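Q: Before anything else, here's the structure in question.
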Amino acid sequence: MSLPAPHISTPIDVRPEWVDYNGHINMAYYAVIMDQGGDQMYPLIGLGETYAKTQHHTSYTAEVHICYKRELKLGDTVRVHTQLLDFDAKRMVLFHEIHHADGWIAATAEELLLHIDMSGPRVVPFPPEIAAKLTALKQTHATLPRPAQAGRSISLANKAA
């Protein structure tokens with residue numbers, strides 16, 4: 001199986017119910033878009049809905065850092081570009097970019113995910129077959145430049161007003 005670098009989702013259209021009183025989509029829906037787009041990559045590594053239903057294991061988001069760059073409005077179409085930055089026995093770090101159909105980036109997010117046994121729920125190691133797929137994906141994604149926003153923290157130090 002050929003692994004895309006980065007993974008690019010199918011098109012996602014901005015929905016009317018996502019638009020707030022400011023005339024653009026509410027901040028929460030950027031996370032929804034990244035979640036929908038990122039989930040499309042999961043079957044490539046053995047995760048996702050089928051895995052959750054048949055193996056009773058899944059992934060939970062433990063932390064996410066979103067940077068909003070440009071407004072999305074009703075009628076906009078986007079794709080989510082997802083890159084695996086790193087993983088260990090029980091966790092993985094993904095980086096998502098929302099790309100507008102016109103080419104500009106609307107938002108980015110760095111996300112820490114945990115591999116979960118839903119019977120607990122509790123954090124558990126990835127099974128060997130998923131760890132192998134994550135290894136292959138990490139090698140493929142290592143050819144991509146590291147996103148500038150990766151590893152950022154929120155701080156007022158050294159920020160222009």
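In the structure tokens, chains take the letters A, B, ... in the order shown, each chain's residues start at 1, and ligands count up from 1 in the order shown.
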Each residue of region 90-147 of chain A with at least one atom at most 9 Å from region 61-74 of chain A should appear once, together with its nearest atom pair and the corresponding distance in Å (one decimal); atoms considered: only C-alpha atoms; ordering: chain, then increasing residue number; output as CSV.

A:
```
residue,atom,partner,partner_atom,distance
A:His100,CA,A:Leu72,CA,8.2
A:Trp104,CA,A:Arg70,CA,8.4
A:Ile105,CA,A:Lys69,CA,6.9
A:Ala106,CA,A:Arg70,CA,4.5
A:Ala107,CA,A:Tyr68,CA,4.5
A:Thr108,CA,A:Cys67,CA,5.2
A:Ala109,CA,A:Ile66,CA,4.2
A:Glu110,CA,A:His65,CA,5.3
A:Glu111,CA,A:Val64,CA,4.4
A:Leu112,CA,A:Glu63,CA,5.1
A:Leu113,CA,A:Thr61,CA,4.4
A:Leu114,CA,A:Thr61,CA,6.4
```

Q: Which residues of region 1-90 of chain A sit at most 7 Å from region 116-119 of chain A, using only C-alpha atoms? Give each one's shortest atom pair and distance in Å (one decimal place), in chain and ascending residue order, as JSON lines.

A:
```
{"residue": "A:His56", "atom": "CA", "partner": "A:Met118", "partner_atom": "CA", "distance": 5.6}
{"residue": "A:His57", "atom": "CA", "partner": "A:Asp117", "partner_atom": "CA", "distance": 4.5}
{"residue": "A:Thr58", "atom": "CA", "partner": "A:Ile116", "partner_atom": "CA", "distance": 5.2}
{"residue": "A:Ser59", "atom": "CA", "partner": "A:Ile116", "partner_atom": "CA", "distance": 5.4}
{"residue": "A:Tyr60", "atom": "CA", "partner": "A:Ile116", "partner_atom": "CA", "distance": 6.7}
```

Q: In Å, with one decimal, what is the gap from CA of Ser155 (chain A) to CA of Met34 (chain A)?

A: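 Computing it gives 23.5 Å between the two atoms.
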
Q: Could you pull the residues within 10 Å of region 134-146 of chain A, counting only C-alpha atoms, minus those fewer than 3 positions along the same chain, as a list of chain:residue names?

A: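 Surrounding residues, per the criterion: A:Ser2, A:Leu3, A:Pro4, A:Ala5, A:Pro6, A:His7, A:Leu44, A:Ile45, A:Gly46, A:Thr82, A:Gln83, A:Leu84, A:Leu85, A:Asp86, A:Phe87, A:Asp88, A:Met92, A:Phe95, A:Phe126, A:Pro128, A:Glu129, A:Ile130, A:Ala131, A:Gln149, A:Ala150, A:Gly151.
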
Q: From the DSSP assignment of the backbone, select every residue of region 50-139 of chain A that is strand (DSSP E), and format the answer as a VMD selection string.

A: chain A and resid 57 to 68 77 to 87 91 to 100 105 to 117 122 to 123

Q: Contacts of Gln36 (chain A) at 12 Å or less, counting only C-alpha atoms, minus same-chain residues fewer than 6 places along, as a ChimeraX atom specification?

A: /A:8-13,29-30,42,48,78-82,96,98

Q: Please, could you write that set of residues out with N, CA, C and O atoms as a PDB file, in the first residue's frame?

A:
```pdb
ATOM      1  N   ILE A   8      -4.108  13.538   2.476  1.00  0.00           N
ATOM      2  CA  ILE A   8      -5.020  14.633   2.103  1.00  0.00           C
ATOM      3  C   ILE A   8      -6.437  14.087   2.074  1.00  0.00           C
ATOM      4  O   ILE A   8      -6.716  13.105   1.381  1.00  0.00           O
ATOM      5  N   SER A   9      -7.317  14.715   2.824  1.00  0.00           N
ATOM      6  CA  SER A   9      -8.708  14.264   2.931  1.00  0.00           C
ATOM      7  C   SER A   9      -9.482  14.542   1.656  1.00  0.00           C
ATOM      8  O   SER A   9      -9.048  15.309   0.789  1.00  0.00           O
ATOM      9  N   THR A  10     -10.647  13.963   1.581  1.00  0.00           N
ATOM     10  CA  THR A  10     -11.598  14.328   0.542  1.00  0.00           C
ATOM     11  C   THR A  10     -12.099  15.739   0.844  1.00  0.00           C
ATOM     12  O   THR A  10     -11.939  16.236   1.971  1.00  0.00           O
ATOM     13  N   PRO A  11     -12.719  16.424  -0.118  1.00  0.00           N
ATOM     14  CA  PRO A  11     -13.212  17.775   0.144  1.00  0.00           C
ATOM     15  C   PRO A  11     -14.267  17.795   1.256  1.00  0.00           C
ATOM     16  O   PRO A  11     -15.087  16.887   1.370  1.00  0.00           O
ATOM     17  N   ILE A  12     -14.209  18.843   2.062  1.00  0.00           N
ATOM     18  CA  ILE A  12     -15.168  19.077   3.138  1.00  0.00           C
ATOM     19  C   ILE A  12     -15.763  20.454   2.915  1.00  0.00           C
ATOM     20  O   ILE A  12     -15.025  21.442   2.798  1.00  0.00           O
ATOM     21  N   ASP A  13     -17.085  20.523   2.840  1.00  0.00           N
ATOM     22  CA  ASP A  13     -17.778  21.798   2.637  1.00  0.00           C
ATOM     23  C   ASP A  13     -18.205  22.402   3.968  1.00  0.00           C
ATOM     24  O   ASP A  13     -18.679  21.692   4.860  1.00  0.00           O
ATOM     25  N   TYR A  29     -15.668  24.561  15.050  1.00  0.00           N
ATOM     26  CA  TYR A  29     -15.829  23.768  13.835  1.00  0.00           C
ATOM     27  C   TYR A  29     -14.537  23.584  13.055  1.00  0.00           C
ATOM     28  O   TYR A  29     -14.441  22.693  12.220  1.00  0.00           O
ATOM     29  N   TYR A  30     -13.517  24.389  13.346  1.00  0.00           N
ATOM     30  CA  TYR A  30     -12.197  24.110  12.773  1.00  0.00           C
ATOM     31  C   TYR A  30     -11.716  22.758  13.313  1.00  0.00           C
ATOM     32  O   TYR A  30     -11.156  21.948  12.578  1.00  0.00           O
ATOM     33  N   TYR A  42      -6.990   7.217   9.235  1.00  0.00           N
ATOM     34  CA  TYR A  42      -6.923   6.110  10.184  1.00  0.00           C
ATOM     35  C   TYR A  42      -6.942   4.715   9.563  1.00  0.00           C
ATOM     36  O   TYR A  42      -6.178   3.854   9.997  1.00  0.00           O
ATOM     37  N   GLY A  48      -9.512   3.553  13.372  1.00  0.00           N
ATOM     38  CA  GLY A  48     -10.767   4.046  12.830  1.00  0.00           C
ATOM     39  C   GLY A  48     -11.974   3.277  13.324  1.00  0.00           C
ATOM     40  O   GLY A  48     -11.914   2.484  14.272  1.00  0.00           O
ATOM     41  N   VAL A  78     -12.774  22.816   1.743  1.00  0.00           N
ATOM     42  CA  VAL A  78     -11.420  22.624   2.251  1.00  0.00           C
ATOM     43  C   VAL A  78     -11.028  21.150   2.177  1.00  0.00           C
ATOM     44  O   VAL A  78     -11.881  20.275   1.981  1.00  0.00           O
ATOM     45  N   ARG A  79      -9.738  20.906   2.337  1.00  0.00           N
ATOM     46  CA  ARG A  79      -9.194  19.557   2.528  1.00  0.00           C
ATOM     47  C   ARG A  79      -8.250  19.633   3.721  1.00  0.00           C
ATOM     48  O   ARG A  79      -7.590  20.650   3.921  1.00  0.00           O
ATOM     49  N   VAL A  80      -8.170  18.549   4.454  1.00  0.00           N
ATOM     50  CA  VAL A  80      -7.277  18.490   5.605  1.00  0.00           C
ATOM     51  C   VAL A  80      -6.040  17.682   5.222  1.00  0.00           C
ATOM     52  O   VAL A  80      -6.155  16.550   4.758  1.00  0.00           O
ATOM     53  N   HIS A  81      -4.883  18.295   5.408  1.00  0.00           N
ATOM     54  CA  HIS A  81      -3.599  17.626   5.200  1.00  0.00           C
ATOM     55  C   HIS A  81      -3.124  17.163   6.576  1.00  0.00           C
ATOM     56  O   HIS A  81      -3.024  17.987   7.493  1.00  0.00           O
ATOM     57  N   THR A  82      -2.829  15.876   6.714  1.00  0.00           N
ATOM     58  CA  THR A  82      -2.434  15.317   8.007  1.00  0.00           C
ATOM     59  C   THR A  82      -1.064  14.670   7.890  1.00  0.00           C
ATOM     60  O   THR A  82      -0.801  13.899   6.970  1.00  0.00           O
ATOM     61  N   HIS A  96      -2.255  18.721  11.609  1.00  0.00           N
ATOM     62  CA  HIS A  96      -3.272  18.940  10.581  1.00  0.00           C
ATOM     63  C   HIS A  96      -3.194  20.367  10.056  1.00  0.00           C
ATOM     64  O   HIS A  96      -2.946  21.299  10.822  1.00  0.00           O
ATOM     65  N   ILE A  98      -5.727  22.857   7.544  1.00  0.00           N
ATOM     66  CA  ILE A  98      -6.935  23.004   6.730  1.00  0.00           C
ATOM     67  C   ILE A  98      -6.571  23.865   5.531  1.00  0.00           C
ATOM     68  O   ILE A  98      -6.233  25.042   5.686  1.00  0.00           O
TER      69      ILE A  98
END
```

Q: Hey, can you check how far CA of Pro147 (chain A) sits from CA of Val93 (chain A)?

A: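 Spanning CA of Pro147 (chain A) to CA of Val93 (chain A) is a straight-line distance of 12.4 Å.
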
Q: Under the rule that only C-alpha atoms are counted, which of A:Thr54, A:Pro121, A:Glu97, A:Leu47 is the nearest residue to Lys133 (chain A)?

A: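 Looking at the shortest contact to Lys133 (chain A), the residue is A:Leu47.
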